[in-house]
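This is my_file_6.tsv (TSV, C-alpha atoms and all ligand atoms).
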```
chain	number	residue	atom	x	y	z
A	1	MET	CA	91.20	106.14	145.11
A	2	SER	CA	92.24	109.56	143.75
A	3	LEU	CA	92.66	112.08	146.59
A	4	THR	CA	92.41	115.86	146.65
A	5	ARG	CA	95.59	117.25	148.25
A	6	ILE	CA	97.17	120.53	149.26
A	7	HIS	CA	100.90	120.87	149.89
A	8	ASN	CA	103.39	123.46	151.14
A	9	PHE	CA	100.61	125.97	151.74
A	10	SER	CA	102.31	128.60	153.84
A	11	ILE	CA	100.59	131.01	156.20
A	12	SER	CA	101.70	133.59	158.71
A	13	LEU	CA	100.96	133.25	162.43
A	14	ASP	CA	97.94	135.49	161.88
A	15	GLY	CA	96.66	133.26	159.08
A	16	PHE	CA	97.53	135.18	155.91
A	17	ALA	CA	98.59	133.22	152.80
A	18	THR	CA	99.71	136.29	150.90
A	19	GLY	CA	100.40	139.93	151.63
A	20	GLU	CA	99.08	142.92	149.69
A	21	PRO	CA	98.89	144.42	147.17
A	22	GLN	CA	99.55	141.58	144.70
A	23	THR	CA	101.43	143.09	141.73
A	24	LEU	CA	103.59	142.02	138.80
A	25	GLU	CA	106.68	143.12	140.74
A	26	SER	CA	105.56	141.59	144.08
A	27	PRO	CA	103.29	138.55	143.60
A	28	PHE	CA	102.97	138.18	147.40
A	29	GLY	CA	102.66	141.90	148.12
A	30	HIS	CA	104.37	143.10	151.31
A	31	ALA	CA	105.01	139.46	152.36
A	32	GLY	CA	107.75	139.23	149.72
A	33	GLN	CA	109.36	135.78	149.93
A	34	ARG	CA	108.99	135.49	153.71
A	35	LEU	CA	106.19	132.88	153.55
A	36	HIS	CA	108.30	130.53	151.43
A	37	GLN	CA	111.82	131.11	152.71
A	38	TRP	CA	111.65	127.72	154.47
A	39	MET	CA	110.93	125.98	151.12
A	40	ILE	CA	113.44	127.92	149.04
A	41	ALA	CA	116.12	126.62	151.46
A	42	THR	CA	115.29	122.95	150.73
A	43	ARG	CA	116.75	120.51	148.23
A	44	PHE	CA	113.24	120.14	146.79
A	45	TRP	CA	113.60	123.73	145.55
A	46	ASP	CA	117.34	124.02	144.94
A	47	GLU	CA	119.78	121.19	144.28
A	48	ASP	CA	122.22	122.82	146.72
A	49	GLY	CA	119.49	123.15	149.35
A	50	ALA	CA	119.19	121.37	152.68
A	51	THR	CA	117.74	117.95	153.38
A	52	GLY	CA	115.89	117.42	156.67
A	53	VAL	CA	112.35	117.80	157.89
A	54	ASP	CA	111.38	120.76	155.68
A	55	ASP	CA	112.68	119.01	152.57
A	56	ALA	CA	110.87	115.77	153.48
A	57	PHE	CA	107.57	117.64	153.62
A	58	ALA	CA	108.23	119.89	150.62
A	59	LYS	CA	108.94	117.11	148.15
A	60	ARG	CA	105.60	115.41	148.77
A	61	HIS	CA	104.14	118.25	146.68
A	62	SER	CA	104.88	116.47	143.41
A	63	GLN	CA	104.43	112.81	144.34
A	64	GLY	CA	101.43	111.03	142.82
A	65	ILE	CA	99.84	114.18	141.40
A	66	GLY	CA	98.06	114.01	138.03
A	67	ALA	CA	96.49	117.49	137.83
A	68	GLU	CA	96.44	120.84	139.64
A	69	ILE	CA	93.65	123.35	140.22
A	70	MET	CA	94.65	126.95	141.00
A	71	GLY	CA	92.95	130.33	141.33
A	72	ALA	CA	93.15	133.24	138.91
A	73	ASN	CA	95.27	135.27	141.34
A	74	LYS	CA	97.91	132.56	141.58
A	75	PHE	CA	98.12	132.39	137.77
A	76	GLY	CA	98.86	136.07	137.34
A	77	PRO	CA	98.76	139.60	138.78
A	78	PRO	CA	95.52	141.62	138.80
A	79	GLY	CA	94.52	142.35	135.20
A	80	TRP	CA	96.30	139.39	133.54
A	81	GLN	CA	93.02	138.51	131.85
A	82	ASP	CA	93.45	141.69	129.77
A	83	ASP	CA	96.86	140.51	128.50
A	84	PRO	CA	96.35	138.08	125.60
A	85	VAL	CA	99.92	136.70	125.82
A	86	TRP	CA	100.12	136.13	129.62
A	87	LYS	CA	101.10	132.49	130.22
A	88	GLY	CA	101.71	132.50	134.00
A	89	TRP	CA	104.76	133.44	136.08
A	90	TRP	CA	106.79	130.35	135.47
A	91	GLY	CA	108.35	130.68	131.99
A	92	PRO	CA	108.12	128.20	129.10
A	93	ASN	CA	108.45	125.07	131.30
A	94	PRO	CA	106.25	125.56	134.40
A	95	PRO	CA	106.85	123.34	137.44
A	96	PHE	CA	103.50	121.55	137.28
A	97	HIS	CA	104.10	118.98	134.48
A	98	THR	CA	100.42	117.97	134.44
A	99	PRO	CA	97.13	119.40	133.19
A	100	THR	CA	96.59	122.55	135.30
A	101	PHE	CA	93.15	124.09	135.68
A	102	VAL	CA	92.93	127.83	136.36
A	103	LEU	CA	89.62	128.90	137.90
A	104	THR	CA	88.57	132.24	136.45
A	105	HIS	CA	85.41	134.10	135.58
A	106	ARG	CA	87.11	135.11	132.32
A	107	PRO	CA	88.16	131.81	130.71
A	108	ARG	CA	90.31	131.66	127.56
A	109	PRO	CA	91.57	128.85	125.26
A	110	SER	CA	93.97	126.30	126.75
A	111	ILE	CA	97.74	126.89	126.53
A	112	GLU	CA	100.13	123.97	126.04
A	113	MET	CA	103.52	124.61	127.66
A	114	GLU	CA	106.79	122.64	127.66
A	115	GLY	CA	107.31	119.76	130.10
A	116	GLY	CA	103.77	118.40	130.21
A	117	THR	CA	101.94	121.42	131.66
A	118	THR	CA	98.79	122.49	129.83
A	119	PHE	CA	96.84	125.39	131.32
A	120	HIS	CA	93.06	125.05	131.00
A	121	PHE	CA	90.77	127.88	132.10
A	122	LEU	CA	87.54	127.03	133.85
A	123	GLU	CA	84.55	128.83	135.29
A	124	ALA	CA	83.02	126.14	137.47
A	125	THR	CA	81.99	125.22	140.99
A	126	PRO	CA	84.71	123.52	143.06
A	127	ALA	CA	82.93	120.16	142.69
A	128	ALA	CA	82.65	120.46	138.91
A	129	ALA	CA	86.25	121.66	138.58
A	130	LEU	CA	87.42	118.72	140.67
A	131	GLU	CA	85.49	116.28	138.50
A	132	THR	CA	87.15	117.72	135.38
A	133	ALA	CA	90.62	117.68	136.94
A	134	ARG	CA	90.16	114.15	138.24
A	135	ALA	CA	89.21	112.93	134.76
A	136	ALA	CA	92.45	114.48	133.46
A	137	ALA	CA	94.59	113.11	136.30
A	138	ASP	CA	94.61	109.57	134.97
A	139	GLY	CA	93.94	107.90	138.33
A	140	LEU	CA	96.44	110.05	140.23
A	141	ASP	CA	95.66	112.66	142.89
A	142	VAL	CA	94.56	116.26	142.27
A	143	ARG	CA	96.44	119.08	143.98
A	144	ILE	CA	94.71	122.31	144.94
A	145	GLY	CA	97.55	124.76	144.42
A	146	GLY	CA	96.10	127.93	145.98
A	147	GLY	CA	95.79	130.79	146.57
A	148	ALA	CA	93.89	131.20	149.79
A	149	THR	CA	90.53	131.98	148.19
A	150	VAL	CA	90.48	128.79	146.16
A	151	VAL	CA	91.79	126.63	149.03
A	152	ARG	CA	89.07	128.08	151.26
A	153	GLU	CA	86.39	127.32	148.64
A	154	PHE	CA	87.47	123.69	148.37
A	155	LEU	CA	87.68	123.29	152.16
A	156	ALA	CA	84.24	124.84	152.62
A	157	ALA	CA	82.82	122.41	150.06
A	158	GLY	CA	84.31	119.46	151.99
A	159	LEU	CA	86.41	118.39	148.99
A	160	VAL	CA	89.92	118.25	150.52
A	161	ASP	CA	91.27	114.87	151.70
A	162	HIS	CA	94.80	115.86	152.70
A	163	MET	CA	96.20	119.29	153.52
A	164	HIS	CA	99.74	120.28	154.49
A	165	VAL	CA	99.84	123.79	155.95
A	166	VAL	CA	103.10	125.42	157.01
A	167	GLN	CA	102.85	128.01	159.74
A	168	VAL	CA	105.63	130.56	159.41
A	169	PRO	CA	106.54	132.64	162.49
A	170	ILE	CA	105.83	136.05	160.98
A	171	LEU	CA	102.91	138.44	161.44
A	172	LEU	CA	101.65	139.98	158.21
A	173	GLY	CA	98.69	141.94	159.57
A	174	ARG	CA	97.03	142.19	156.15
A	175	GLY	CA	96.58	140.22	152.94
A	176	VAL	CA	94.30	137.27	152.13
A	177	ARG	CA	93.38	134.98	155.04
A	178	LEU	CA	93.11	131.21	154.80
A	179	TRP	CA	90.83	130.33	157.71
A	180	ASP	CA	87.93	132.83	157.46
A	181	GLY	CA	84.51	131.14	157.41
A	182	LEU	CA	85.89	127.68	158.24
A	183	GLU	CA	84.94	127.53	161.94
A	184	GLY	CA	85.08	123.96	163.28
A	185	LEU	CA	86.96	122.59	160.25
A	186	GLU	CA	89.28	120.62	162.55
A	187	ALA	CA	86.41	118.26	163.52
A	188	ASP	CA	86.61	116.59	160.09
A	189	TYR	CA	90.34	115.90	160.20
A	190	ASN	CA	93.03	114.01	162.05
A	191	ILE	CA	95.78	116.56	162.56
A	192	GLU	CA	99.49	115.96	163.08
A	193	VAL	CA	101.99	118.69	163.92
A	194	VAL	CA	105.76	118.66	163.42
A	195	SER	CA	108.04	121.53	164.46
A	196	SER	CA	111.09	122.14	162.32
A	197	PRO	CA	114.43	123.57	163.49
A	198	SER	CA	113.97	126.21	160.77
A	199	GLY	CA	111.20	127.75	162.90
A	200	VAL	CA	108.20	126.70	160.81
A	201	THR	CA	105.49	124.28	161.95
A	202	HIS	CA	104.13	121.63	159.59
A	203	LEU	CA	100.43	120.81	160.14
A	204	THR	CA	98.99	117.84	158.28
A	205	PHE	CA	95.20	117.52	158.06
A	206	MET	CA	93.92	114.09	156.98
A	207	ARG	CA	90.19	113.63	156.54
A	208	SER	CA	89.01	111.32	159.30
A	209	ASP	CA	86.34	109.56	157.21
A	210	ARG	CA	88.77	108.35	154.50
B	301	LIG	N1	100.94	130.88	150.76
B	301	LIG	C1	101.01	129.97	149.82
B	301	LIG	O1	101.53	128.86	150.02
B	301	LIG	C2	100.47	130.30	148.45
B	301	LIG	C3	100.23	129.30	147.51
B	301	LIG	C4	99.73	129.66	146.29
B	301	LIG	C5	99.50	130.99	145.98
B	301	LIG	N2	99.76	131.95	146.92
B	301	LIG	C6	99.52	133.37	146.66
B	301	LIG	O2	98.15	133.63	146.92
B	301	LIG	C7	97.75	134.77	146.15
B	301	LIG	C8	96.49	134.43	145.41
B	301	LIG	O3	95.48	134.07	146.32
B	301	LIG	P1	94.06	134.75	146.31
B	301	LIG	O4	93.33	134.22	147.48
B	301	LIG	O5	94.22	136.21	146.15
B	301	LIG	O6	93.41	134.25	144.93
B	301	LIG	P2	93.27	132.81	144.23
B	301	LIG	O7	92.70	131.84	145.17
B	301	LIG	O8	94.54	132.48	143.52
B	301	LIG	O9	92.23	133.19	143.09
B	301	LIG	C9	90.95	133.72	143.40
B	301	LIG	C10	90.30	134.11	142.10
B	301	LIG	O10	90.10	132.94	141.27
B	301	LIG	C11	88.87	133.09	140.54
B	301	LIG	N3	87.96	132.04	141.03
B	301	LIG	C12	87.94	131.46	142.27
B	301	LIG	N4	87.00	130.52	142.34
B	301	LIG	C13	86.40	130.49	141.13
B	301	LIG	C14	85.36	129.70	140.58
B	301	LIG	N5	84.74	128.77	141.30
B	301	LIG	N6	85.00	129.91	139.28
B	301	LIG	C15	85.63	130.87	138.54
B	301	LIG	N7	86.64	131.64	139.02
B	301	LIG	C16	87.01	131.46	140.29
B	301	LIG	C17	88.36	134.47	140.83
B	301	LIG	O11	89.05	135.34	139.93
B	301	LIG	P3	88.38	136.16	138.70
B	301	LIG	O12	86.98	136.51	139.14
B	301	LIG	O13	89.29	137.33	138.55
B	301	LIG	O14	88.41	135.31	137.50
B	301	LIG	C18	88.92	134.71	142.24
B	301	LIG	O15	89.02	136.09	142.55
B	301	LIG	C19	98.92	135.11	145.24
B	301	LIG	O16	99.67	136.13	145.86
B	301	LIG	C20	99.72	133.83	145.23
B	301	LIG	O17	101.06	134.07	144.91
B	301	LIG	C21	100.21	131.63	148.15
```
Once you've parsed the file, please lay out its structure as structure tokens.
Ligand SMILES: NC(=O)c1ccc[n+]([C@@H]2O[C@H](COP(=O)([O-])OP(=O)(O)OC[C@H]3O[C@@H](n4cnc5c(N)ncnc54)[C@H](OP(=O)(O)O)[C@@H]3O)[C@@H](O)[C@H]2O)c1
Amino acid sequence: MSLTRIHNFSISLDGFATGEPQTLESPFGHAGQRLHQWMIATRFWDEDGATGVDDAFAKRHSQGIGAEIMGANKFGPPGWQDDPVWKGWWGPNPPFHTPTFVLTHRPRPSIEMEGGTTFHFLEATPAAALETARAAADGLDVRIGGGATVVREFLAAGLVDHMHVVQVPILLGRGVRLWDGLEGLEADYNIEVVSSPSGVTHLTFMRSDR
């Protein structure tokens, strides 16, 4: 059965998945790269990076995934919808290598990139977007790629089977929160926690009814 999965989703101790303001120069606002420093240090990210517990978690991101769904604010900085040539942050060969569905209230024609990534733009409910992505995923799993707003929407709709959250020991104080409005979410999941020597904590949520 095709699952809906989230991987490497990094939050501060106070629950923020990005800082502010999000800009072209600073996609994560005042958080900079601090939320993802743990991942940038792994072999998953960099061939000279470290193996170990962080790498073991990080590389699950790409395994068995046939499509991604992301939010408009992950795809580009505020206002990208006004730029007709914006094709995402990632250059000509984005790291997704699958159909990738961008949720936006201002959809545009699909963009085919190198390496198997095609960006499709959708205005849809989470359930309808998931149905579309699943049809494109060819029997594989669908990853919800973030940001926090979209992850929260899919969690609230009860659509997430597997979620890997990485708690980073920093306090951001402001930005976009992951957990707001999700009181009691833990009741639906079996949760495992692994502490890494790097200082981050890996939390894995697996839906208990699957
Ligand atoms: N911490 C992490 O691991 C992680 C992972 C990924 C991304 N990020 C960061 O998170 C930030 C983005 O997160 P975010 O919470 O601000 O925004 P987001 O979740 O990326 O996108 C939210 C936006 O997507 C559009 N949208 C959402 N649901 C929709 C629906 N059902 N139908 C149509 N459009 C819909 C809306 O944009 P419009 O109304 O403008 O179209 C909405 O404002 C970025 O800084 C990104 O780099 C962090």
Can you tell me which residues surround Phe154 in chain A at a distance of at most 7 Å, considering only C-alpha atoms, apart from same-chain residues fewer than 5 positions away, and format the answer as a PDB file with C-alpha atoms, keeping the file's coordinate frame?
```
ATOM      1  CA  PRO A 126      84.710 123.520 143.060  1.00  0.00           C
ATOM      2  CA  LEU A 159      86.410 118.390 148.990  1.00  0.00           C
ATOM      3  CA  VAL A 160      89.920 118.250 150.520  1.00  0.00           C
TER       4      VAL A 160
END
```
Closest of A:Val200, A:Ala50, A:Val151, A:Ala137 to ligand LIG 301 (chain B) - atom-to-atom distances counting only C-alpha atoms and all ligand atoms: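 The shortest atom-to-atom distance to ligand LIG 301 (chain B) comes from A:Val151.
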Test item: residues no farther than 7 Å from ligand LIG 301 (chain B), counting all atoms listed in the file, as a PyMOL selection string: chain A and resi 8-11+17-19+22+27-29+35+70-75+103-106+122-126+145-151+176
Residue nearest Phe96 in chain A - candidates A:His164, A:His30, A:His36, A:His61, atoms counted: all atoms listed in the file: A:His61
Point-to-point distance from CA of Met39 in chain A to CA of Arg5 in chain A, Å rounded to tenths: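 That distance, rounded to one decimal, is 17.9 Å.
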Compute the distance from (95.7, 122.4, 134.0) to each atom, counting only C-alpha atoms, keep the residues with any atom at most 6 Å away, and return them as a count of residues only; use the coordinates of the file. 7
